[in-house]
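The file protein_20.cif contains mmCIF, C-alpha atoms:
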data_entry
loop_
_atom_site.label_atom_id
_atom_site.label_comp_id
_atom_site.auth_asym_id
_atom_site.auth_seq_id
_atom_site.Cartn_x
_atom_site.Cartn_y
_atom_site.Cartn_z
CA MET Y 1 86.87 87.34 7.87
CA ALA Y 2 88.40 84.52 9.93
CA GLU Y 3 91.83 85.21 8.44
CA ASN Y 4 91.67 88.80 9.75
CA ALA Y 5 90.03 88.09 13.10
CA ASN Y 6 93.29 87.89 15.04
CA LYS Y 7 95.09 90.53 13.04
CA ILE Y 8 94.06 93.71 14.86
CA LEU Y 9 95.56 94.53 18.25
CA ALA Y 10 93.81 92.77 21.10
CA PRO Y 11 92.49 94.11 24.39
CA GLY Y 12 95.21 94.39 27.01
CA THR Y 13 97.74 95.69 24.46
CA ALA Y 14 99.32 99.10 24.97
CA ALA Y 15 97.90 101.38 22.27
CA PRO Y 16 100.71 102.48 19.93
CA ASP Y 17 101.25 106.24 20.08
CA PHE Y 18 100.86 108.29 16.93
CA ALA Y 19 100.69 111.86 15.69
CA LEU Y 20 98.49 112.50 12.65
CA HIS Y 21 97.18 115.61 10.94
CA SER Y 22 93.63 116.68 11.79
CA THR Y 23 94.12 119.72 9.53
CA PRO Y 24 96.96 120.48 7.12
CA ASP Y 25 98.81 122.31 9.92
CA GLN Y 26 97.58 120.65 13.14
CA LEU Y 27 98.74 117.34 14.59
CA VAL Y 28 96.75 115.20 17.02
CA SER Y 29 98.44 112.46 19.04
CA LEU Y 30 97.20 109.56 21.12
CA SER Y 31 98.81 111.12 24.19
CA ASP Y 32 96.56 114.20 23.77
CA PHE Y 33 93.71 112.00 25.04
CA ARG Y 34 95.46 110.36 28.00
CA GLY Y 35 93.31 110.44 31.13
CA ALA Y 36 90.00 109.74 29.36
CA PRO Y 37 88.66 106.97 27.13
CA LEU Y 38 89.28 107.32 23.41
CA ILE Y 39 87.49 105.63 20.53
CA LEU Y 40 89.62 105.04 17.43
CA ALA Y 41 87.46 104.38 14.38
CA PHE Y 42 89.57 103.25 11.43
CA TYR Y 43 87.64 103.30 8.16
CA PRO Y 44 88.52 102.79 4.49
CA ALA Y 45 87.76 106.15 2.87
CA ASP Y 46 85.87 109.42 3.04
CA TRP Y 47 82.88 109.72 0.70
CA SER Y 48 82.07 106.01 0.51
CA PRO Y 49 78.46 105.25 1.52
CA VAL Y 50 79.19 102.92 4.45
CA CYS Y 51 81.93 105.19 5.83
CA GLY Y 52 79.70 108.24 5.56
CA ASP Y 53 76.92 106.45 7.44
CA GLN Y 54 79.33 105.20 10.11
CA MET Y 55 80.86 108.63 10.79
CA ALA Y 56 77.38 110.27 10.77
CA LEU Y 57 76.21 107.70 13.33
CA TYR Y 58 79.15 108.47 15.64
CA ASN Y 59 78.36 112.16 15.26
CA GLU Y 60 74.77 111.46 16.39
CA VAL Y 61 75.93 109.24 19.28
CA LEU Y 62 78.58 111.74 20.43
CA PRO Y 63 76.49 112.86 23.46
CA GLU Y 64 76.38 109.21 24.61
CA PHE Y 65 80.17 108.91 24.21
CA HIS Y 66 80.60 112.15 26.16
CA LYS Y 67 78.59 110.71 29.08
CA PHE Y 68 81.59 108.40 29.53
CA LYS Y 69 84.00 111.37 29.05
CA ALA Y 70 85.13 109.60 25.86
CA ALA Y 71 86.39 111.25 22.71
CA VAL Y 72 86.23 109.74 19.22
CA VAL Y 73 88.53 110.15 16.24
CA GLY Y 74 88.11 108.75 12.75
CA ILE Y 75 91.25 107.60 10.94
CA SER Y 76 91.66 106.79 7.24
CA VAL Y 77 94.35 107.07 4.58
CA ASP Y 78 92.67 110.12 3.04
CA GLY Y 79 94.57 113.42 3.28
CA ALA Y 80 93.78 116.30 5.62
CA TRP Y 81 92.19 118.38 2.82
CA CYS Y 82 89.85 115.53 1.90
CA HIS Y 83 88.96 115.02 5.58
CA SER Y 84 88.27 118.73 5.95
CA ALA Y 85 85.78 118.74 3.06
CA PHE Y 86 84.15 115.48 4.19
CA SER Y 87 83.87 116.65 7.80
CA ARG Y 88 82.37 119.98 6.75
CA ASP Y 89 79.91 118.27 4.39
CA ARG Y 90 78.78 115.81 7.09
CA LYS Y 91 78.90 118.43 9.89
CA LEU Y 92 81.09 116.17 12.03
CA HIS Y 93 81.99 117.33 15.54
CA PHE Y 94 85.03 115.11 16.08
CA PRO Y 95 88.39 115.03 14.30
CA LEU Y 96 89.24 112.92 11.28
CA LEU Y 97 92.92 112.05 11.20
CA ALA Y 98 94.93 111.62 8.01
CA ASP Y 99 96.98 108.40 7.99
CA PHE Y 100 98.21 109.64 4.63
CA GLU Y 101 102.00 109.65 4.47
CA PRO Y 102 103.54 107.24 4.99
CA LYS Y 103 100.28 105.73 3.83
CA GLY Y 104 98.54 103.65 6.46
CA ALA Y 105 101.46 103.75 8.93
CA VAL Y 106 99.20 104.06 11.99
CA ALA Y 107 96.66 101.56 10.66
CA ARG Y 108 99.56 99.11 10.25
CA LEU Y 109 100.60 99.66 13.90
CA TYR Y 110 97.09 98.62 14.96
CA GLY Y 111 96.90 95.69 12.52
CA ALA Y 112 94.14 97.54 10.67
CA TYR Y 113 95.56 98.04 7.17
CA ARG Y 114 94.30 96.28 4.03
CA ASP Y 115 97.46 95.77 1.97
CA ARG Y 116 95.52 94.37 -0.97
CA ASP Y 117 93.31 97.50 -1.17
CA GLY Y 118 95.59 100.24 0.13
CA VAL Y 119 93.08 101.43 2.74
CA SER Y 120 92.33 100.94 6.43
CA GLU Y 121 90.17 98.12 7.66
CA ARG Y 122 86.89 99.05 9.32
CA ALA Y 123 88.29 98.52 12.82
CA LEU Y 124 87.30 99.95 16.18
CA PHE Y 125 89.35 100.35 19.33
CA VAL Y 126 88.42 101.69 22.74
CA ILE Y 127 91.51 102.94 24.56
CA ASP Y 128 91.31 103.26 28.34
CA PRO Y 129 92.46 106.42 30.18
CA LYS Y 130 95.93 104.89 30.73
CA GLY Y 131 96.49 104.13 27.03
CA THR Y 132 95.66 100.42 26.94
CA ILE Y 133 93.28 98.89 24.41
CA SER Y 134 90.25 97.74 26.38
CA TRP Y 135 88.16 96.59 23.38
CA SER Y 136 88.76 96.04 19.69
CA TYR Y 137 86.57 94.92 16.82
CA LEU Y 138 87.18 94.20 13.14
CA SER Y 139 84.06 94.68 11.04
CA PRO Y 140 83.61 93.37 7.52
CA VAL Y 141 84.66 96.31 5.35
CA GLY Y 142 81.20 96.64 3.77
CA VAL Y 143 79.31 96.66 7.08
CA ASN Y 144 78.71 99.61 9.39
CA PRO Y 145 79.67 98.24 12.83
CA GLY Y 146 77.35 100.64 14.63
CA ALA Y 147 77.97 101.93 18.14
CA ASP Y 148 76.61 99.21 20.45
CA GLY Y 149 79.96 97.49 20.97
CA ILE Y 150 81.65 100.81 21.69
CA LEU Y 151 79.00 101.79 24.22
CA THR Y 152 79.24 98.41 25.96
CA ALA Y 153 83.03 98.76 26.14
CA LEU Y 154 82.70 102.29 27.59
CA GLU Y 155 80.19 101.04 30.18
CA GLU Y 156 82.68 98.37 31.26
CA LEU Y 157 85.38 101.05 31.65
CA ALA Y 158 83.16 103.36 33.68
CA PRO Y 159 83.79 103.56 37.43
CA LYS Y 160 81.36 101.33 39.29
CA LYS Y 161 78.88 103.21 41.47
#
How does this structure look as structure tokens?
Amino acid sequence: MAENANKILAPGTAAPDFALHSTPDQLVSLSDFRGAPLILAFYPADWSPVCGDQMALYNEVLPEFHKFKAAVVGISVDGAWCHSAFSRDRKLHFPLLADFEPKGAVARLYGAYRDRDGVSERALFVIDPKGTISWSYLSPVGVNPGADGILTALEELAPKK
């Protein structure tokens, strides 16, 4: 993993804008979320066991994310039709975005593409309300990174009382 550790975009970097399909006829862009925290969860592929568990966990933790007014999106190289079936099967309540064509273009912008495998890394980013990466994490591809790091990053973004 050491060779990849510095590959993904680091905190303090402006998050590259993108527009990806959430359905075959609907685009979602980074700028749609400006003004609130956003969690970008890049993952290798729908239907794989670790990815399914990771997305299901974020679905369960969604109320905690919402306490910080944060939204979450999953991004992989699967197409919108595949995402639609996967999302319906897993009863997900957040969008999955298709980084399908050109394959992995957005993952590449974030330094989260696995050239040797043709899929996204398992990489997490918390984007602040102004569009700057406030936290990023590259997980080993076979390991569910959980939600603790995300929640800690969101706590650090929250206005101090």
**Selection dump of the PyMOL selection byres ((chain Y and resi 51-55) around 12), as a PyMOL selection string** = chain Y and resi 40-50+56-62+72-76+83+86-87+89-96+120-124+139+141-147
**Asked** Taking (95.7, 95.1, 15.5) in the file's coordinates, which residues come within 9 Å, counting only C-alpha atoms, written as number ranges by chain?
**Response** Y: 6-10, 107-113, 123, 136, 138
**Prompt:** At a cut-off of 8 Å from (93.0, 111.7, 0.9) in the coordinates of the file, what residues are picked up using all atoms listed in the file, written as a PyMOL selection string?
**Reply:** chain Y and resi 45-46+77-83+98+100
**Request:** Record the distance separating atom CA of Y:Pro129 and atom CA of Y:Ala70, expressed in Å with one decimal.
**Result:**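 Atom CA of Y:Pro129 sits 9.1 Å away from atom CA of Y:Ala70.
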Output of the PyMOL selection byres ((chain Y and resi 149-161) around 8), listed as an mmCIF file with C-alpha atoms, in the frame of the given file:
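Printed below is selection_18.cif as written:
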data_model
loop_
_atom_site.group_PDB
_atom_site.id
_atom_site.type_symbol
_atom_site.label_atom_id
_atom_site.label_comp_id
_atom_site.auth_asym_id
_atom_site.auth_seq_id
_atom_site.Cartn_x
_atom_site.Cartn_y
_atom_site.Cartn_z
ATOM 1 C CA PRO Y 37 88.660 106.970 27.130
ATOM 2 C CA ILE Y 39 87.490 105.630 20.530
ATOM 3 C CA GLU Y 64 76.380 109.210 24.610
ATOM 4 C CA PHE Y 65 80.170 108.910 24.210
ATOM 5 C CA PHE Y 68 81.590 108.400 29.530
ATOM 6 C CA ALA Y 70 85.130 109.600 25.860
ATOM 7 C CA LEU Y 124 87.300 99.950 16.180
ATOM 8 C CA VAL Y 126 88.420 101.690 22.740
ATOM 9 C CA ASP Y 128 91.310 103.260 28.340
ATOM 10 C CA SER Y 134 90.250 97.740 26.380
ATOM 11 C CA TRP Y 135 88.160 96.590 23.380
ATOM 12 C CA GLY Y 146 77.350 100.640 14.630
ATOM 13 C CA ALA Y 147 77.970 101.930 18.140
ATOM 14 C CA ASP Y 148 76.610 99.210 20.450
#
**atom CA of Y:Asp115 to atom CA of Y:Glu101, distance in Å rounded to a single decimal** =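 For atom CA of Y:Asp115 relative to atom CA of Y:Glu101, the distance reads 14.8 Å.
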**Prompt:** What does the distance between atom CA of Y:Val119 and atom CA of Y:Ala36 come to in Å, to one decimal place?
**Reply:** 28.1 Å
**Result set, the PyMOL selection byres ((chain Y and resi 34) around 12) on current file, as a PyMOL selection string** = chain Y and resi 15+17+29-33+35-39+69-71+127-132
Reconstruct N, CA, C and O atoms of stretch 131-152 of chain Y from the incomplete input and present them as a CSV table (one decimal), in the coordinates of the input.
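So the final result, stored in selection.csv, reads:
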chain,number,residue,atom,x,y,z
Y,131,GLY,N,95.9,104.4,28.3
Y,131,GLY,CA,96.5,104.1,27.0
Y,131,GLY,C,96.5,102.7,26.6
Y,131,GLY,O,97.3,102.3,25.8
Y,132,THR,N,95.7,101.8,27.3
Y,132,THR,CA,95.7,100.4,26.9
Y,132,THR,C,94.4,100.1,26.2
Y,132,THR,O,93.3,100.7,26.5
Y,133,ILE,N,94.5,99.3,25.2
Y,133,ILE,CA,93.3,98.9,24.4
Y,133,ILE,C,92.4,98.1,25.3
Y,133,ILE,O,92.8,97.0,25.8
Y,134,SER,N,91.2,98.5,25.5
Y,134,SER,CA,90.2,97.7,26.4
Y,134,SER,C,89.3,96.9,25.6
Y,134,SER,O,88.7,96.0,26.0
Y,135,TRP,N,89.1,97.3,24.3
Y,135,TRP,CA,88.2,96.6,23.4
Y,135,TRP,C,88.6,96.9,22.0
Y,135,TRP,O,89.0,98.0,21.6
Y,136,SER,N,88.5,95.8,21.1
Y,136,SER,CA,88.8,96.0,19.7
Y,136,SER,C,87.8,95.2,18.9
Y,136,SER,O,87.4,94.1,19.4
Y,137,TYR,N,87.5,95.6,17.7
Y,137,TYR,CA,86.6,94.9,16.8
Y,137,TYR,C,86.9,95.2,15.4
Y,137,TYR,O,87.1,96.3,15.0
Y,138,LEU,N,87.0,94.1,14.6
Y,138,LEU,CA,87.2,94.2,13.1
Y,138,LEU,C,85.9,93.9,12.4
Y,138,LEU,O,85.4,92.8,12.5
Y,139,SER,N,85.3,94.9,11.8
Y,139,SER,CA,84.1,94.7,11.0
Y,139,SER,C,84.3,94.3,9.6
Y,139,SER,O,85.4,94.7,9.0
Y,140,PRO,N,83.5,93.5,9.0
Y,140,PRO,CA,83.6,93.4,7.5
Y,140,PRO,C,83.6,94.8,6.9
Y,140,PRO,O,82.9,95.6,7.3
Y,141,VAL,N,84.5,95.0,5.9
Y,141,VAL,CA,84.7,96.3,5.4
Y,141,VAL,C,83.4,96.9,4.8
Y,141,VAL,O,83.2,98.1,4.8
Y,142,GLY,N,82.4,96.1,4.3
Y,142,GLY,CA,81.2,96.6,3.8
Y,142,GLY,C,80.1,96.8,4.8
Y,142,GLY,O,78.9,97.1,4.4
Y,143,VAL,N,80.4,96.6,6.1
Y,143,VAL,CA,79.3,96.7,7.1
Y,143,VAL,C,79.6,97.8,8.1
Y,143,VAL,O,80.7,97.8,8.7
Y,144,ASN,N,78.6,98.6,8.3
Y,144,ASN,CA,78.7,99.6,9.4
Y,144,ASN,C,78.6,98.9,10.7
Y,144,ASN,O,77.6,98.3,11.0
Y,145,PRO,N,79.7,99.0,11.6
Y,145,PRO,CA,79.7,98.2,12.8
Y,145,PRO,C,78.8,98.8,13.9
Y,145,PRO,O,78.6,98.2,15.0
Y,146,GLY,N,78.2,100.0,13.7
Y,146,GLY,CA,77.4,100.6,14.6
Y,146,GLY,C,78.1,101.1,15.9
Y,146,GLY,O,79.3,101.2,15.8
Y,147,ALA,N,77.4,101.4,16.9
Y,147,ALA,CA,78.0,101.9,18.1
Y,147,ALA,C,77.7,101.1,19.4
Y,147,ALA,O,78.3,101.4,20.4
Y,148,ASP,N,76.9,100.0,19.3
Y,148,ASP,CA,76.6,99.2,20.4
Y,148,ASP,C,77.8,98.6,21.1
Y,148,ASP,O,77.9,98.7,22.4
Y,149,GLY,N,78.8,98.1,20.4
Y,149,GLY,CA,80.0,97.5,21.0
Y,149,GLY,C,80.8,98.5,21.7
Y,149,GLY,O,81.4,98.3,22.8
Y,150,ILE,N,80.9,99.7,21.1
Y,150,ILE,CA,81.6,100.8,21.7
Y,150,ILE,C,81.0,101.2,23.0
Y,150,ILE,O,81.7,101.3,24.0
Y,151,LEU,N,79.7,101.4,23.0
Y,151,LEU,CA,79.0,101.8,24.2
Y,151,LEU,C,79.1,100.7,25.3
Y,151,LEU,O,79.3,101.1,26.5
Y,152,THR,N,79.1,99.5,25.0
Y,152,THR,CA,79.2,98.4,26.0
Y,152,THR,C,80.6,98.5,26.5
Y,152,THR,O,80.8,98.3,27.8
